[in-house]
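See below for the structure under consideration.
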Amino acid sequence: MPIGELFILGFFGRTVPAWLKQFAARYGLGGAILFDYSCRTQQYDNNIESPEQVQRLCVEIAALPSGPMVFIDQEGGLVRRLKESRGFAPLPSAREFNHLAPDRKRAILDASFAEMRQLGIHYDFAPVVDVDDNPDNPNIGRIKRSFSANIAEVEANALLASEVARAQRIGLCLKHFPGIGGAVVDSHQEFMDISDALRDEQEELFYSLAPRMFGDAVLVSHAIVRQWDNDRPMTLSAAGLGRLRKRLPDTLLITDDMQMQGLQKALGTREASLQSLKAGMDMLCIGNNLFDQELEMAAVAEYVEQSLRDGILSGSAIEKSIARVAKRKALLVA
């Protein structure tokens, strides 16, 4: 079974490194994720230099065995890997975008998604549909990543994004399930407990929007919702993911970065990856930016493969996940 289809991997540098070529040849590869900033060097010297260089890099990635998809975080504002200073189209923050006139919104999205398609990017980890329930949230509200505190405005912006993305054939991935707008801590640093901050309407937004998004994908956060699972974050919770899968049987479920601190402190990348697949995730996103674990990726895949052989992972569940990935490749990579 091509276990590598379950992985979205990041790497350092402007060209595809040897270890990633070897990984794709041995296991297959679901996707690669691009970053402009490197947490290792603390400089903007990672995968993105200019439109021409990104286009070359995307061609190189797409040529790898099993034709991986290229993913990027291009929300707008502070969270955009393709910046104007490097020659890319402008993209305001979600909060700023929400206040623009409808024709201006459409023009901005059209330029951004057309650019991504031209570069060879297949999936945008956007839109953020976390409702702005806590303006002081260090990871959402404070940095303008939410469209609005008004749920109808969040929904309208997401639907517009999908309409434009469909025309340009860019897959979208809603984030961050089950909705982390009300959180009080940064998910990059520790697990967020959103048990008291999560509203039913916020969770419902994912269920109603995901099938209408081009690419039909949801990024799952490392948030804890005690009423669903007292011990595990959503990315590792069979109960939480079962709830999601029941409502969205065909949606592609992708983890938030598996190198975030909460998971690292609790389990480390290898064990967290296995637990996540066991709980029901389809794809593991491992950015290799928060940490350099590039040369450990083959061992993680090997561990997953061995767990499959040992019956720790369900072969039929993994087959379904690989089929969901294949469906998106057929939709977006052609």
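Ordering of the structure tokens sets the chain letters (A, B, ...); residue numbers start at 1 within each chain; ligands are numbered from 1 in the order shown.
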How close does each residue of range 118-165 of chain A get to range 188-206 of chain A, giving the shortest atom pair and distance in Å to one decimal for every residue with an atom at most 8 Å away, counting only C-alpha atoms, sorted by chain and residue number, as a tab-separated table?
residue	atom	partner	partner_atom	distance
A:Val129	CA	A:Leu205	CA	7.7
A:Asp130	CA	A:Gln202	CA	7.3
A:Val131	CA	A:Gln202	CA	6.9
A:Ile151	CA	A:Gln202	CA	7.6
A:Glu155	CA	A:Leu205	CA	7.4
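Near His99 in chain A, within 12 Å and counting only C-alpha atoms, sit Pro92, Ser93, Ala94, Arg95, Asp103, Arg104, Lys105, Phe147, Ser148, Glu153, Val154 and Asn157 of chain A, not including residues fewer than 4 positions from it in the same chain.
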>> What's around Ala210 in chain A at 10 Å? Count only C-alpha atoms, leave out sequence neighbours fewer than 2 positions away in its own chain, and write the answer as number ranges by chain.
In response: A: 158-159, 162, 172-175, 205-208, 212-218, 248, 250-252
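Minimum distance to His222 in chain A across A:Leu109, A:Ile254, A:Met297, A:Leu209 (counting only C-alpha atoms) occurs at A:Ile254.
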>> If you run DSSP on the backbone here, which positions in range 6-112 of chain A get helix (DSSP H, G or I)? Please write them as an MDAnalysis selection string.
In response: chainID A and resid 6 18:27 51:62 84:86 94:98 102:112
> If we count only C-alpha atoms, what is near Val79 in chain A at a cut-off of 12 Å, once residues fewer than 3 positions away on the same chain are taken out, given as a VMD selection string?
Replying inline: chain A and resid 35 to 37 72 to 76 82 to 83 91 to 94 124 to 128 139 to 140 143 to 146
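Reported to one decimal place, the separation of CA of Tyr27 in chain A from CA of Leu313 in chain A is 16.8 Å.
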>> So that I can check the secondary structure, give me every residue of range 133-334 of chain A assigned strand (DSSP E) by backbone DSSP, as a ChimeraX atom specification.
In response: /A:171-177,192-193,217-220,223-224,252-255,284-286
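With only C-alpha atoms as the atoms that count, the minimum distance from Gly181 in chain A to the choices A:Gly13, A:Pro138, A:Gly242, A:Pro65 is reached by A:Pro138.
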>> Show me, as a list in words, the residues that have an atom within 6 Å of range 50-56 of chain A when counting only C-alpha atoms, minus same-chain residues fewer than 3 positions from it.
In response: Val59, Arg86 and Leu119 of chain A
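CA of Leu160 in chain A to CA of Glu96 in chain A spans 15.2 Å [interatomic distance, one decimal].
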>> Applying 8 Å and only C-alpha atoms, which residues near range 328-332 of chain A remain after dropping the ones on its own chain fewer than 5 positions away? List them as a count of residues only.
In response: 8
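If only C-alpha atoms are the atoms counted, then among A:Thr255, A:Ser85, A:Gln261, A:Ser237 the closest residue to Leu219 in chain A is A:Thr255.
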